[in-house]
Amino acid sequence: MNTATPLATTQAAPKPTGLSLDLPALVAWLAPRVPGVDAQLRAERMDGGQSNPSWLLHGAGQSWVLRAKPAPAAELLPSAHAIEREYRILQALASTDVPVPRVRALCEDESVIGVAFYVMDFVQGRIFRDATLPEVPAAERSAYFMAANRVLAALHQVDWRQLGLQDFGRHEGYYSRLIRRWTQQYQATRQAPVPAMEQLIAWLPQHIPAGADGAEHTCITHGDYRMENLMFHPTRPEVVAVLDWELCTLGHPLSDLSYSALAWHMPAGILRGYGDQNLPALGLPAEQDYVACYAERMGLDTQAVLKDWPFYLAFNLFRLSAILQGIGQREREGTASNATAKEIAAMAEPVAQWGWAIAQDQPLP
């Protein structure tokens, strides 16, 4: 489920099969472009990613993160692993209330290290791989969720036109377009038809909420907004960097909100849900309170949001299942950037089943 993100504390990991890093060639390209980079540069492969491999680069007194495509563009699905878009959105958001790392250089010349990549500043902080936040006292956990909620609302309130992002995505037809796109991705990567996906492919276009495909609510959407893709301050519930912008586009705000709420509907395990956990005992907020907090920040009617909530959840579980199918294909091809790719990809069918159950207002299978 997770794509590569900078870790708060350095975690060296064995280099998996696939992309390796040509450090001399990298230094030759970076040195004229990024102050502080020289022949003494060191690199560590970072663990935790599924999509775009990352390295922590160490210079004299400073560090950066390199984020790369997992393979040359000719070997990837069209529009997948869009690190160029990540670089552009990070540049654009640098002057807003959305905390992002400072980007330093983008290299689209695959002759340098074999793939396109970009480099950004390393941000000191904490990333919680387990969204139940076991490292945080239970009484403080809700504050972390609400800090994440605040930043998501801030993102959706950014004036994307003023940032020159008019061409960053279409201004209407978001759900119709994304349903088609992820249908194509699913069909291109599946090994065999998944019945729940086939049902969702038929159901979703017929149940897009009124007005949700219009341009009125268009905003910048992150596309993968969840606790694991946020870096928090080392000691307090404050988001210091939003990471992993590969799926960012112009879209509908409730797609992001509902995606960030999927963990309330998934069990504990490889996808790190907490839908089967005792939330009060863990100190986690109720999903409805999380939604209500966002709605208040955005000036929305909470009950109107919740009325169409099954669609938004089902849409995102459909999309997630298609993403997991893609991880499965990369695992079979040997280009997945995480050792647990096979186990995670195996969740594609259960995730689709959860989506179809929510669409039908049934208990999760």
# chains A, B, ... in the order shown; residues from 1 in each chain; ligands from 1
call {"tool": "select_by_dssp", "arguments": {"residues": "segment 49-287 of chain A", "states": "alpha helix (DSSP H)", "output": "ChimeraX atom specification"}}
result
/A:83-93,138-156,174-189,195-203,253-260,279-282,287
call {"tool": "write_last_selection", "arguments": {"atoms": "C-alpha atoms", "output": "PDB file, in the first residue's frame"}}
result
ATOM      1  CA  ILE A  83       7.754  11.865  -9.867  1.00  0.00           C
ATOM      2  CA  GLU A  84       7.860  14.849 -12.230  1.00  0.00           C
ATOM      3  CA  ARG A  85       4.397  15.813 -10.974  1.00  0.00           C
ATOM      4  CA  GLU A  86       5.547  15.298  -7.390  1.00  0.00           C
ATOM      5  CA  TYR A  87       8.419  17.688  -7.969  1.00  0.00           C
ATOM      6  CA  ARG A  88       6.157  20.302  -9.510  1.00  0.00           C
ATOM      7  CA  ILE A  89       3.551  20.202  -6.744  1.00  0.00           C
ATOM      8  CA  LEU A  90       6.186  20.371  -4.023  1.00  0.00           C
ATOM      9  CA  GLN A  91       7.648  23.438  -5.716  1.00  0.00           C
ATOM     10  CA  ALA A  92       4.221  25.041  -5.980  1.00  0.00           C
ATOM     11  CA  LEU A  93       3.201  24.378  -2.362  1.00  0.00           C
ATOM     12  CA  ALA A 138      -3.053   7.174  24.142  1.00  0.00           C
ATOM     13  CA  ALA A 139      -4.305  10.478  25.545  1.00  0.00           C
ATOM     14  CA  GLU A 140      -2.356  12.399  22.892  1.00  0.00           C
ATOM     15  CA  ARG A 141      -3.196  10.338  19.805  1.00  0.00           C
ATOM     16  CA  SER A 142      -6.390  12.127  18.814  1.00  0.00           C
ATOM     17  CA  ALA A 143      -4.452  15.398  18.543  1.00  0.00           C
ATOM     18  CA  TYR A 144      -2.234  13.857  15.856  1.00  0.00           C
ATOM     19  CA  PHE A 145      -5.280  12.849  13.819  1.00  0.00           C
ATOM     20  CA  MET A 146      -6.744  16.318  14.100  1.00  0.00           C
ATOM     21  CA  ALA A 147      -3.411  17.873  13.067  1.00  0.00           C
ATOM     22  CA  ALA A 148      -3.509  15.682   9.954  1.00  0.00           C
ATOM     23  CA  ASN A 149      -7.123  16.745   9.435  1.00  0.00           C
ATOM     24  CA  ARG A 150      -6.171  20.434   9.638  1.00  0.00           C
ATOM     25  CA  VAL A 151      -3.422  20.088   7.025  1.00  0.00           C
ATOM     26  CA  LEU A 152      -5.727  18.216   4.649  1.00  0.00           C
ATOM     27  CA  ALA A 153      -8.271  21.034   4.869  1.00  0.00           C
ATOM     28  CA  ALA A 154      -5.465  23.553   4.312  1.00  0.00           C
ATOM     29  CA  LEU A 155      -4.429  21.705   1.149  1.00  0.00           C
ATOM     30  CA  HIS A 156      -7.969  21.713  -0.186  1.00  0.00           C
ATOM     31  CA  TYR A 174     -12.984  13.738 -11.631  1.00  0.00           C
ATOM     32  CA  TYR A 175     -14.805  10.592 -10.536  1.00  0.00           C
ATOM     33  CA  SER A 176     -15.822   9.514 -14.034  1.00  0.00           C
ATOM     34  CA  ARG A 177     -12.249   9.964 -15.200  1.00  0.00           C
ATOM     35  CA  LEU A 178     -10.645   8.198 -12.234  1.00  0.00           C
ATOM     36  CA  ILE A 179     -13.059   5.280 -12.427  1.00  0.00           C
ATOM     37  CA  ARG A 180     -12.040   4.811 -16.072  1.00  0.00           C
ATOM     38  CA  ARG A 181      -8.358   5.232 -15.300  1.00  0.00           C
ATOM     39  CA  TRP A 182      -8.261   2.707 -12.455  1.00  0.00           C
ATOM     40  CA  THR A 183     -10.428   0.310 -14.431  1.00  0.00           C
ATOM     41  CA  GLN A 184      -7.778   0.382 -17.149  1.00  0.00           C
ATOM     42  CA  GLN A 185      -4.967  -0.046 -14.620  1.00  0.00           C
ATOM     43  CA  TYR A 186      -6.772  -2.996 -13.048  1.00  0.00           C
ATOM     44  CA  GLN A 187      -7.392  -4.622 -16.416  1.00  0.00           C
ATOM     45  CA  ALA A 188      -3.761  -4.100 -17.440  1.00  0.00           C
ATOM     46  CA  THR A 189      -2.329  -5.700 -14.296  1.00  0.00           C
ATOM     47  CA  PRO A 195     -15.586 -10.356  -9.217  1.00  0.00           C
ATOM     48  CA  ALA A 196     -15.892  -7.495  -6.704  1.00  0.00           C
ATOM     49  CA  MET A 197     -13.884  -5.217  -8.992  1.00  0.00           C
ATOM     50  CA  GLU A 198     -16.105  -6.084 -11.932  1.00  0.00           C
ATOM     51  CA  GLN A 199     -19.163  -5.222  -9.801  1.00  0.00           C
ATOM     52  CA  LEU A 200     -17.661  -1.918  -8.677  1.00  0.00           C
ATOM     53  CA  ILE A 201     -16.728  -1.035 -12.251  1.00  0.00           C
ATOM     54  CA  ALA A 202     -20.412  -1.284 -13.129  1.00  0.00           C
ATOM     55  CA  TRP A 203     -21.767   0.290  -9.912  1.00  0.00           C
ATOM     56  CA  PRO A 253     -11.822  17.050  -1.786  1.00  0.00           C
ATOM     57  CA  LEU A 254     -13.936  14.220  -0.392  1.00  0.00           C
ATOM     58  CA  SER A 255     -11.890  11.696  -2.337  1.00  0.00           C
ATOM     59  CA  ASP A 256      -8.907  12.625  -0.147  1.00  0.00           C
ATOM     60  CA  LEU A 257     -10.941  12.744   3.047  1.00  0.00           C
ATOM     61  CA  SER A 258     -12.523   9.341   2.461  1.00  0.00           C
ATOM     62  CA  TYR A 259      -9.197   7.804   1.473  1.00  0.00           C
ATOM     63  CA  SER A 260      -7.696   9.046   4.717  1.00  0.00           C
ATOM     64  CA  LEU A 279     -10.834   2.925  19.301  1.00  0.00           C
ATOM     65  CA  PRO A 280     -11.605   4.540  22.693  1.00  0.00           C
ATOM     66  CA  ALA A 281      -9.067   2.263  24.391  1.00  0.00           C
ATOM     67  CA  LEU A 282      -6.487   3.229  21.774  1.00  0.00           C
ATOM     68  CA  GLU A 287     -14.529   8.316  12.089  1.00  0.00           C
TER      69      GLU A 287
END
call {"tool": "select_by_dssp", "arguments": {"residues": "segment 62-305 of chain A", "states": "strand (DSSP E)", "output": "ChimeraX atom specification"}}
result
/A:63-68,103-107,117-121,219-221,230-232,239-242,249-251
call {"tool": "closest_residue", "arguments": {"among": "A:Trp29, A:Phe318, A:Trp356, A:Tyr290", "to": "Cys107 of chain A", "atoms": "only C-alpha atoms"}}
result
A:Trp29
call {"tool": "atom_distance", "arguments": {"atom1": "atom CA of Phe128 of chain A", "atom2": "atom CA of His252 of chain A"}}
result
26.3 Å
